$ cat upload_33.pdb   # PDB, C-alpha atoms and all ligand atoms
ATOM      1  CA  MET A   1       0.000   0.000   0.000  1.00  0.00           C
ATOM      2  CA  THR A   2       1.189   3.506  -0.828  1.00  0.00           C
ATOM      3  CA  GLU A   3       0.536   6.463   1.460  1.00  0.00           C
ATOM      4  CA  PRO A   4      -1.050   9.155  -0.765  1.00  0.00           C
ATOM      5  CA  LEU A   5       0.778  12.254   0.464  1.00  0.00           C
ATOM      6  CA  PHE A   6      -1.022  14.464  -2.085  1.00  0.00           C
ATOM      7  CA  LEU A   7      -4.294  13.916  -0.188  1.00  0.00           C
ATOM      8  CA  THR A   8      -3.070  15.539   2.996  1.00  0.00           C
ATOM      9  CA  ASP A   9      -0.596  18.027   1.479  1.00  0.00           C
ATOM     10  CA  PRO A  10      -1.218  18.879  -2.181  1.00  0.00           C
ATOM     11  CA  TYR A  11       1.558  21.505  -2.019  1.00  0.00           C
ATOM     12  CA  LEU A  12       4.251  18.959  -1.240  1.00  0.00           C
ATOM     13  CA  SER A  13       6.260  18.639  -4.452  1.00  0.00           C
ATOM     14  CA  GLU A  14       9.413  16.871  -3.297  1.00  0.00           C
ATOM     15  CA  THR A  15      10.136  14.317  -0.593  1.00  0.00           C
ATOM     16  CA  GLY A  16      11.834  11.003   0.070  1.00  0.00           C
ATOM     17  CA  GLY A  17      10.444   7.513  -0.328  1.00  0.00           C
ATOM     18  CA  THR A  18      11.390   3.864  -0.461  1.00  0.00           C
ATOM     19  CA  VAL A  19      10.796   1.481  -3.367  1.00  0.00           C
ATOM     20  CA  THR A  20       8.484  -1.314  -2.193  1.00  0.00           C
ATOM     21  CA  GLU A  21       7.895  -3.019  -5.545  1.00  0.00           C
ATOM     22  CA  ILE A  22       8.746  -2.994  -9.230  1.00  0.00           C
ATOM     23  CA  THR A  23       5.640  -4.314 -10.979  1.00  0.00           C
ATOM     24  CA  GLU A  24       5.628  -6.695 -13.949  1.00  0.00           C
ATOM     25  CA  ASP A  25       4.949  -3.834 -16.340  1.00  0.00           C
ATOM     26  CA  GLY A  26       7.935  -1.901 -14.969  1.00  0.00           C
ATOM     27  CA  SER A  27       6.098   0.575 -12.756  1.00  0.00           C
ATOM     28  CA  VAL A  28       7.748   1.771  -9.558  1.00  0.00           C
ATOM     29  CA  VAL A  29       5.757   1.542  -6.311  1.00  0.00           C
ATOM     30  CA  LEU A  30       6.923   3.634  -3.350  1.00  0.00           C
ATOM     31  CA  ASP A  31       5.840   3.471   0.292  1.00  0.00           C
ATOM     32  CA  ARG A  32       4.444   7.004  -0.074  1.00  0.00           C
ATOM     33  CA  SER A  33       3.735   9.184  -3.049  1.00  0.00           C
ATOM     34  CA  VAL A  34       3.638  12.882  -3.893  1.00  0.00           C
ATOM     35  CA  PHE A  35       2.544  11.789  -7.388  1.00  0.00           C
ATOM     36  CA  TYR A  36      -1.226  11.987  -7.810  1.00  0.00           C
ATOM     37  CA  ALA A  37      -2.636   8.851  -9.395  1.00  0.00           C
ATOM     38  CA  ARG A  38      -4.908   9.472 -12.378  1.00  0.00           C
ATOM     39  CA  GLY A  39      -8.552   9.555 -11.332  1.00  0.00           C
ATOM     40  CA  GLY A  40     -11.723  11.609 -11.131  1.00  0.00           C
ATOM     41  CA  GLY A  41     -10.866  13.262 -14.449  1.00  0.00           C
ATOM     42  CA  GLN A  42      -7.508  14.539 -13.178  1.00  0.00           C
ATOM     43  CA  PRO A  43      -4.400  13.218 -14.976  1.00  0.00           C
ATOM     44  CA  GLY A  44      -1.641  11.343 -13.186  1.00  0.00           C
ATOM     45  CA  ASP A  45       1.396  13.393 -12.201  1.00  0.00           C
ATOM     46  CA  SER A  46       4.749  13.415 -13.940  1.00  0.00           C
ATOM     47  CA  GLY A  47       8.190  14.216 -12.559  1.00  0.00           C
ATOM     48  CA  VAL A  48      11.377  12.401 -11.596  1.00  0.00           C
ATOM     49  CA  ILE A  49      12.714  10.050  -8.975  1.00  0.00           C
ATOM     50  CA  THR A  50      16.423  10.166  -8.189  1.00  0.00           C
ATOM     51  CA  TRP A  51      18.797   7.931  -6.240  1.00  0.00           C
ATOM     52  CA  ASN A  52      22.574   7.753  -6.084  1.00  0.00           C
ATOM     53  CA  GLN A  53      23.632   9.206  -9.448  1.00  0.00           C
ATOM     54  CA  SER A  54      20.494   8.042 -11.273  1.00  0.00           C
ATOM     55  CA  GLU A  55      17.442   9.957 -12.389  1.00  0.00           C
ATOM     56  CA  LEU A  56      14.307   8.325 -13.756  1.00  0.00           C
ATOM     57  CA  ARG A  57      11.627  10.309 -15.551  1.00  0.00           C
ATOM     58  CA  ILE A  58       8.052   9.468 -14.481  1.00  0.00           C
ATOM     59  CA  VAL A  59       5.586  10.108 -17.291  1.00  0.00           C
ATOM     60  CA  ASP A  60       2.296   9.069 -15.668  1.00  0.00           C
ATOM     61  CA  THR A  61       0.899   7.781 -12.388  1.00  0.00           C
ATOM     62  CA  VAL A  62      -1.961   5.327 -11.939  1.00  0.00           C
ATOM     63  CA  ARG A  63      -3.569   3.523  -9.044  1.00  0.00           C
ATOM     64  CA  ARG A  64      -4.159  -0.164  -8.665  1.00  0.00           C
ATOM     65  CA  ASP A  65      -6.101  -0.925  -5.497  1.00  0.00           C
ATOM     66  CA  ALA A  66      -4.073   0.615  -2.669  1.00  0.00           C
ATOM     67  CA  LYS A  67      -0.886   0.860  -4.729  1.00  0.00           C
ATOM     68  CA  ILE A  68       0.209   3.994  -6.551  1.00  0.00           C
ATOM     69  CA  MET A  69       2.234   3.026  -9.592  1.00  0.00           C
ATOM     70  CA  LEU A  70       4.750   5.461 -11.073  1.00  0.00           C
ATOM     71  CA  GLN A  71       5.158   4.772 -14.775  1.00  0.00           C
ATOM     72  CA  PRO A  72       8.668   5.570 -15.991  1.00  0.00           C
ATOM     73  CA  GLU A  73       9.970   6.321 -19.457  1.00  0.00           C
ATOM     74  CA  PRO A  74      10.441   2.925 -21.109  1.00  0.00           C
ATOM     75  CA  ASP A  75      13.746   1.045 -21.225  1.00  0.00           C
ATOM     76  CA  MET A  76      15.437   2.997 -18.461  1.00  0.00           C
ATOM     77  CA  PRO A  77      17.348   1.518 -15.510  1.00  0.00           C
ATOM     78  CA  LEU A  78      15.019   1.097 -12.526  1.00  0.00           C
ATOM     79  CA  PRO A  79      15.824   1.337  -8.817  1.00  0.00           C
ATOM     80  CA  SER A  80      15.853  -1.869  -6.770  1.00  0.00           C
ATOM     81  CA  VAL A  81      13.299  -2.783  -4.163  1.00  0.00           C
ATOM     82  CA  GLY A  82      14.390  -1.259  -0.838  1.00  0.00           C
ATOM     83  CA  GLN A  83      16.176   1.682  -2.497  1.00  0.00           C
ATOM     84  CA  THR A  84      15.502   5.087  -0.946  1.00  0.00           C
ATOM     85  CA  VAL A  85      14.789   7.752  -3.540  1.00  0.00           C
ATOM     86  CA  ILE A  86      13.877  11.413  -3.842  1.00  0.00           C
ATOM     87  CA  GLN A  87      10.587  11.970  -5.652  1.00  0.00           C
ATOM     88  CA  ARG A  88       9.931  15.317  -7.323  1.00  0.00           C
ATOM     89  CA  LEU A  89       6.843  16.446  -9.211  1.00  0.00           C
ATOM     90  CA  ASP A  90       6.583  18.558 -12.324  1.00  0.00           C
ATOM     91  CA  TRP A  91       5.142  21.136  -9.986  1.00  0.00           C
ATOM     92  CA  GLU A  92       4.096  23.730 -12.532  1.00  0.00           C
ATOM     93  CA  ARG A  93       2.012  21.145 -14.375  1.00  0.00           C
ATOM     94  CA  ARG A  94       0.438  19.822 -11.160  1.00  0.00           C
ATOM     95  CA  HIS A  95      -0.331  23.318  -9.905  1.00  0.00           C
ATOM     96  CA  ARG A  96      -2.216  23.999 -13.138  1.00  0.00           C
ATOM     97  CA  PHE A  97      -4.219  20.798 -12.525  1.00  0.00           C
ATOM     98  CA  MET A  98      -5.015  22.077  -9.022  1.00  0.00           C
ATOM     99  CA  ARG A  99      -6.179  25.431 -10.387  1.00  0.00           C
ATOM    100  CA  VAL A 100      -8.314  23.818 -13.087  1.00  0.00           C
ATOM    101  CA  HIS A 101      -9.695  21.201 -10.705  1.00  0.00           C
ATOM    102  CA  THR A 102     -10.745  23.769  -8.096  1.00  0.00           C
ATOM    103  CA  GLY A 103     -12.181  25.910 -10.882  1.00  0.00           C
ATOM    104  CA  LEU A 104     -14.389  23.002 -11.927  1.00  0.00           C
ATOM    105  CA  HIS A 105     -15.812  22.809  -8.398  1.00  0.00           C
ATOM    106  CA  LEU A 106     -16.823  26.465  -8.838  1.00  0.00           C
ATOM    107  CA  LEU A 107     -18.248  25.726 -12.279  1.00  0.00           C
ATOM    108  CA  SER A 108     -20.506  23.127 -10.629  1.00  0.00           C
ATOM    109  CA  VAL A 109     -21.708  25.890  -8.300  1.00  0.00           C
ATOM    110  CA  VAL A 110     -22.402  28.306 -11.147  1.00  0.00           C
ATOM    111  CA  ILE A 111     -24.253  25.541 -13.027  1.00  0.00           C
ATOM    112  CA  PRO A 112     -26.059  23.601 -10.264  1.00  0.00           C
ATOM    113  CA  LEU A 113     -26.977  20.548 -12.320  1.00  0.00           C
ATOM    114  CA  PRO A 114     -25.899  16.893 -12.038  1.00  0.00           C
ATOM    115  CA  VAL A 115     -22.427  16.294 -13.460  1.00  0.00           C
ATOM    116  CA  THR A 116     -22.121  13.350 -15.842  1.00  0.00           C
ATOM    117  CA  GLY A 117     -18.409  13.575 -16.646  1.00  0.00           C
ATOM    118  CA  GLY A 118     -15.329  15.702 -16.561  1.00  0.00           C
ATOM    119  CA  ALA A 119     -11.714  16.012 -17.577  1.00  0.00           C
ATOM    120  CA  ILE A 120      -8.729  18.154 -16.721  1.00  0.00           C
ATOM    121  CA  THR A 121      -5.607  19.179 -18.615  1.00  0.00           C
ATOM    122  CA  ALA A 122      -2.914  21.704 -17.732  1.00  0.00           C
ATOM    123  CA  ALA A 123      -4.649  24.282 -19.927  1.00  0.00           C
ATOM    124  CA  LYS A 124      -8.350  23.681 -19.344  1.00  0.00           C
ATOM    125  CA  GLY A 125     -11.043  21.568 -17.818  1.00  0.00           C
ATOM    126  CA  ARG A 126     -14.539  20.568 -18.740  1.00  0.00           C
ATOM    127  CA  LEU A 127     -17.640  19.277 -17.049  1.00  0.00           C
ATOM    128  CA  ASP A 128     -20.502  17.476 -18.740  1.00  0.00           C
ATOM    129  CA  PHE A 129     -23.868  18.284 -17.250  1.00  0.00           C
ATOM    130  CA  ASP A 130     -27.250  16.631 -17.396  1.00  0.00           C
ATOM    131  CA  MET A 131     -28.607  19.784 -19.063  1.00  0.00           C
ATOM    132  CA  PRO A 132     -31.438  19.190 -21.543  1.00  0.00           C
ATOM    133  CA  GLU A 133     -32.097  22.940 -21.971  1.00  0.00           C
ATOM    134  CA  PRO A 134     -29.491  25.419 -23.202  1.00  0.00           C
ATOM    135  CA  PRO A 135     -27.739  27.232 -20.333  1.00  0.00           C
ATOM    136  CA  GLN A 136     -27.696  30.915 -19.598  1.00  0.00           C
ATOM    137  CA  ASP A 137     -25.525  33.184 -21.645  1.00  0.00           C
ATOM    138  CA  ARG A 138     -21.901  32.075 -21.566  1.00  0.00           C
ATOM    139  CA  LEU A 139     -20.672  35.497 -20.457  1.00  0.00           C
ATOM    140  CA  VAL A 140     -23.131  35.593 -17.548  1.00  0.00           C
ATOM    141  CA  LEU A 141     -21.830  32.205 -16.349  1.00  0.00           C
ATOM    142  CA  GLU A 142     -18.265  33.398 -16.825  1.00  0.00           C
ATOM    143  CA  ALA A 143     -18.893  36.565 -14.799  1.00  0.00           C
ATOM    144  CA  ARG A 144     -20.313  34.476 -11.914  1.00  0.00           C
ATOM    145  CA  LEU A 145     -17.374  32.113 -12.034  1.00  0.00           C
ATOM    146  CA  LYS A 146     -14.914  35.020 -11.938  1.00  0.00           C
ATOM    147  CA  GLU A 147     -16.779  36.540  -9.012  1.00  0.00           C
ATOM    148  CA  LEU A 148     -16.421  33.330  -6.980  1.00  0.00           C
ATOM    149  CA  ILE A 149     -12.713  33.229  -7.806  1.00  0.00           C
ATOM    150  CA  SER A 150     -12.173  36.854  -6.842  1.00  0.00           C
ATOM    151  CA  ARG A 151     -13.901  36.333  -3.474  1.00  0.00           C
ATOM    152  CA  ASP A 152     -10.811  34.286  -2.619  1.00  0.00           C
ATOM    153  CA  LEU A 153     -12.798  31.777  -0.567  1.00  0.00           C
ATOM    154  CA  PRO A 154     -10.909  29.165   1.481  1.00  0.00           C
ATOM    155  CA  VAL A 155     -10.871  25.578   0.169  1.00  0.00           C
ATOM    156  CA  MET A 156     -10.971  23.207   3.130  1.00  0.00           C
ATOM    157  CA  GLU A 157     -11.307  19.510   3.757  1.00  0.00           C
ATOM    158  CA  ASP A 158     -13.372  17.383   6.099  1.00  0.00           C
ATOM    159  CA  TRP A 159     -13.484  13.635   6.455  1.00  0.00           C
ATOM    160  CA  ILE A 160     -16.593  11.530   6.950  1.00  0.00           C
ATOM    161  CA  THR A 161     -17.126   7.789   7.095  1.00  0.00           C
ATOM    162  CA  ASP A 162     -18.404   5.788   4.125  1.00  0.00           C
ATOM    163  CA  ASP A 163     -21.609   5.181   6.107  1.00  0.00           C
ATOM    164  CA  GLU A 164     -22.116   8.891   6.769  1.00  0.00           C
ATOM    165  CA  LEU A 165     -21.701   9.559   3.058  1.00  0.00           C
ATOM    166  CA  ALA A 166     -24.177   6.813   2.179  1.00  0.00           C
ATOM    167  CA  ALA A 167     -26.674   8.625   4.403  1.00  0.00           C
ATOM    168  CA  ARG A 168     -26.065  11.924   2.550  1.00  0.00           C
ATOM    169  CA  PRO A 169     -26.569  11.177  -1.175  1.00  0.00           C
ATOM    170  CA  ASP A 170     -27.303  14.885  -1.707  1.00  0.00           C
ATOM    171  CA  LEU A 171     -23.565  15.546  -1.371  1.00  0.00           C
ATOM    172  CA  VAL A 172     -22.705  13.659  -4.534  1.00  0.00           C
ATOM    173  CA  LYS A 173     -22.939  15.823  -7.652  1.00  0.00           C
ATOM    174  CA  THR A 174     -21.154  13.556 -10.050  1.00  0.00           C
ATOM    175  CA  MET A 175     -23.251  10.836 -11.616  1.00  0.00           C
ATOM    176  CA  SER A 176     -20.364   9.220 -13.471  1.00  0.00           C
ATOM    177  CA  VAL A 177     -17.453   9.549 -11.060  1.00  0.00           C
ATOM    178  CA  LYS A 178     -18.055   7.539  -7.921  1.00  0.00           C
ATOM    179  CA  PRO A 179     -16.844   9.173  -4.723  1.00  0.00           C
ATOM    180  CA  PRO A 180     -13.602   7.661  -3.420  1.00  0.00           C
ATOM    181  CA  VAL A 181     -15.205   5.250  -0.917  1.00  0.00           C
ATOM    182  CA  GLY A 182     -13.855   1.913   0.259  1.00  0.00           C
ATOM    183  CA  ALA A 183     -11.112   3.101   2.604  1.00  0.00           C
ATOM    184  CA  GLY A 184     -13.665   3.523   5.397  1.00  0.00           C
ATOM    185  CA  ARG A 185     -13.633   7.296   5.179  1.00  0.00           C
ATOM    186  CA  VAL A 186     -14.129   9.838   2.445  1.00  0.00           C
ATOM    187  CA  ARG A 187     -12.724  13.297   2.069  1.00  0.00           C
ATOM    188  CA  LEU A 188     -15.111  16.181   1.553  1.00  0.00           C
ATOM    189  CA  ILE A 189     -13.985  19.403  -0.057  1.00  0.00           C
ATOM    190  CA  ARG A 190     -15.670  22.492   1.343  1.00  0.00           C
ATOM    191  CA  ILE A 191     -15.381  25.849  -0.416  1.00  0.00           C
ATOM    192  CA  GLY A 192     -16.122  28.878   1.748  1.00  0.00           C
ATOM    193  CA  GLY A 193     -16.922  28.668   5.441  1.00  0.00           C
ATOM    194  CA  GLY A 194     -19.908  29.317   7.694  1.00  0.00           C
ATOM    195  CA  ASP A 195     -22.641  31.340   5.985  1.00  0.00           C
ATOM    196  CA  ASP A 196     -20.330  31.767   3.026  1.00  0.00           C
ATOM    197  CA  GLN A 197     -20.086  28.043   2.220  1.00  0.00           C
ATOM    198  CA  ILE A 198     -20.843  27.604  -1.474  1.00  0.00           C
ATOM    199  CA  ASP A 199     -19.835  24.001  -2.149  1.00  0.00           C
ATOM    200  CA  LEU A 200     -19.357  20.725  -0.287  1.00  0.00           C
ATOM    201  CA  GLN A 201     -18.710  17.467  -2.117  1.00  0.00           C
ATOM    202  CA  PRO A 202     -16.648  14.292  -1.813  1.00  0.00           C
ATOM    203  CA  CYS A 203     -13.464  14.494  -3.883  1.00  0.00           C
ATOM    204  CA  GLY A 204     -10.103  12.736  -3.969  1.00  0.00           C
ATOM    205  CA  GLY A 205      -8.360  15.253  -6.244  1.00  0.00           C
ATOM    206  CA  THR A 206      -5.890  18.037  -5.509  1.00  0.00           C
ATOM    207  CA  HIS A 207      -7.062  21.610  -4.905  1.00  0.00           C
ATOM    208  CA  VAL A 208      -5.584  25.060  -4.340  1.00  0.00           C
ATOM    209  CA  ARG A 209      -5.922  26.620  -0.866  1.00  0.00           C
ATOM    210  CA  ARG A 210      -8.062  29.573  -1.878  1.00  0.00           C
ATOM    211  CA  THR A 211     -10.200  30.267  -4.906  1.00  0.00           C
ATOM    212  CA  GLY A 212      -8.171  33.370  -5.779  1.00  0.00           C
ATOM    213  CA  GLU A 213      -5.251  31.111  -6.606  1.00  0.00           C
ATOM    214  CA  ILE A 214      -7.212  29.717  -9.581  1.00  0.00           C
ATOM    215  CA  GLY A 215      -6.452  33.015 -11.310  1.00  0.00           C
ATOM    216  CA  ALA A 216      -7.892  34.178 -14.613  1.00  0.00           C
ATOM    217  CA  VAL A 217     -10.263  31.829 -16.436  1.00  0.00           C
ATOM    218  CA  THR A 218     -12.696  32.017 -19.307  1.00  0.00           C
ATOM    219  CA  ILE A 219     -15.627  29.819 -20.234  1.00  0.00           C
ATOM    220  CA  GLY A 220     -15.125  28.428 -23.690  1.00  0.00           C
ATOM    221  CA  LYS A 221     -17.437  26.500 -25.948  1.00  0.00           C
ATOM    222  CA  ILE A 222     -20.634  24.969 -24.584  1.00  0.00           C
ATOM    223  CA  GLU A 223     -21.201  21.866 -26.689  1.00  0.00           C
ATOM    224  CA  LYS A 224     -24.304  19.741 -27.005  1.00  0.00           C
ATOM    225  CA  LYS A 225     -23.441  16.090 -26.426  1.00  0.00           C
ATOM    226  CA  GLY A 226     -26.451  13.878 -26.986  1.00  0.00           C
ATOM    227  CA  ALA A 227     -30.059  14.518 -26.027  1.00  0.00           C
ATOM    228  CA  ARG A 228     -29.552  15.590 -22.432  1.00  0.00           C
ATOM    229  CA  ASN A 229     -25.894  16.395 -22.038  1.00  0.00           C
ATOM    230  CA  ARG A 230     -23.964  19.588 -22.517  1.00  0.00           C
ATOM    231  CA  ARG A 231     -20.237  20.006 -22.169  1.00  0.00           C
ATOM    232  CA  VAL A 232     -18.926  23.242 -20.644  1.00  0.00           C
ATOM    233  CA  ASN A 233     -15.265  24.116 -21.167  1.00  0.00           C
ATOM    234  CA  MET A 234     -13.256  26.305 -18.787  1.00  0.00           C
ATOM    235  CA  LEU A 235      -9.862  27.619 -19.870  1.00  0.00           C
ATOM    236  CA  LEU A 236      -7.011  29.003 -17.813  1.00  0.00           C
ATOM    237  CA  ALA A 237      -6.141  32.403 -19.252  1.00  0.00           C
TER
HETATM  238 ZN    ZN B 301     -12.058  18.145  -6.275  1.00  0.00          ZN
END

$ encode --input "upload_33.pdb" --output "structure tokens" --more "lines below"
Ligand SMILES: [Zn+2]
Amino acid sequence: MTEPLFLTDPYLSETGGTVTEITEDGSVVLDRSVFYARGGGQPGDSGVITWNQSELRIVDTVRRDAKIMLQPEPDMPLPSVGQTVIQRLDWERRHRFMRVHTGLHLLSVVIPLPVTGGAITAAKGRLDFDMPEPPQDRLVLEARLKELISRDLPVMEDWITDDELAARPDLVKTMSVKPPVGAGRVRLIRIGGGDDQIDLQPCGGTHVRRTGEIGAVTIGKIEKKGARNRRVNMLLA
């Protein structure tokens, strides 16, 4: 099992670790990981691990059960099991994922409809909504989104048990992405506090600390996808 350090400290970009396994497909498993494993529409992290005089480029990160598997560039020398390494993210790329990801939470506030899908890149993100009717004017939605960003609301986390979540189905906005249950407890992401709380939903992704850190965004194309679905694109400026 790999300790997912990104869950408790998404700003940690470099730390040590020990190789616990090299998988059959040549992935490196560490005892703990700053590398986010692909999931919930957010890509896996890239970066490097280094040991002795060696450096290995990590191009993607995936999860298999409780293991986080770092996928290296092919045909490169791998560390041995038991080796201690330094792991370092491509921080600029990850930070863009965090900005986009948190921005998508706000998009789900501006458009309060069930979410049927989503994806994130370093340049933009999109959410698919169960939205049979055309939305409001794009620029009106964009102005609301920018207002939430400029309020610089805190992004906080809470943990609840799987059972508590099962008793609160209203918390789950995403119809396609299941909340990260199974570990006995689930993390909730809360945006804004007290009377100013605007969003609360289970999420295993990485987020910025305050909405102001998302920075400048625009809403791009709104595409019709099938009878009920519409896809809303949000771009980092
Ligand atoms: Zn999230």

$ atom_distance --input "upload_33.pdb" --atom1 "atom CA of Arg151 of chain A" --atom2 "atom CA of Asp128 of chain A"
25.1 Å

$ closest_atom_pairs --input "upload_33.pdb" --of "chain A" --to "ligand ZN 301 (chain B)" --cutoff "8 Å" --atoms "all atoms listed in the file" --output "tab-separated table"
residue	atom	partner	partner_atom	distance
A:His101	CA	B:ZN301	ZN	5.9
A:Thr102	CA	B:ZN301	ZN	6.1
A:Leu104	CA	B:ZN301	ZN	7.8
A:His105	CA	B:ZN301	ZN	6.4
A:Ile189	CA	B:ZN301	ZN	6.6
A:Gln201	CA	B:ZN301	ZN	7.9
A:Pro202	CA	B:ZN301	ZN	7.5
A:Cys203	CA	B:ZN301	ZN	4.6
A:Gly204	CA	B:ZN301	ZN	6.2
A:Gly205	CA	B:ZN301	ZN	4.7
A:Thr206	CA	B:ZN301	ZN	6.2
A:His207	CA	B:ZN301	ZN	6.2

$ resolve_selection --input "upload_33.pdb" --expression "the PyMOL selection byres (((chain A and resi 150) around 10) and not hetatm)" --output "MDAnalysis selection string"
chainID A and resid 144:149 151:153 210:216

$ atom_distance --input "upload_33.pdb" --atom1 "atom CA of Leu7 of chain A" --atom2 "atom CA of Ala37 of chain A"
10.6 Å

$ axis_aligned_box --input "upload_33.pdb" --around "segment 132-150 of chain A" --padding-each-side "4 Å" --output "AutoDock Vina command-line options"
--center_x -22.1 --center_y 28.0 --center_z -15.0 --size_x 27.9 --size_y 25.7 --size_z 24.4

$ atom_distance --input "upload_33.pdb" --atom1 "atom CA of Val100 of chain A" --atom2 "atom CA of Lys225 of chain A"
21.6 Å

$ closest_residue --input "upload_33.pdb" --among "A:Ala143, A:Val29, A:Met156, A:Val232" --to "Asp9 of chain A" --atoms "all atoms listed in the file"
A:Met156
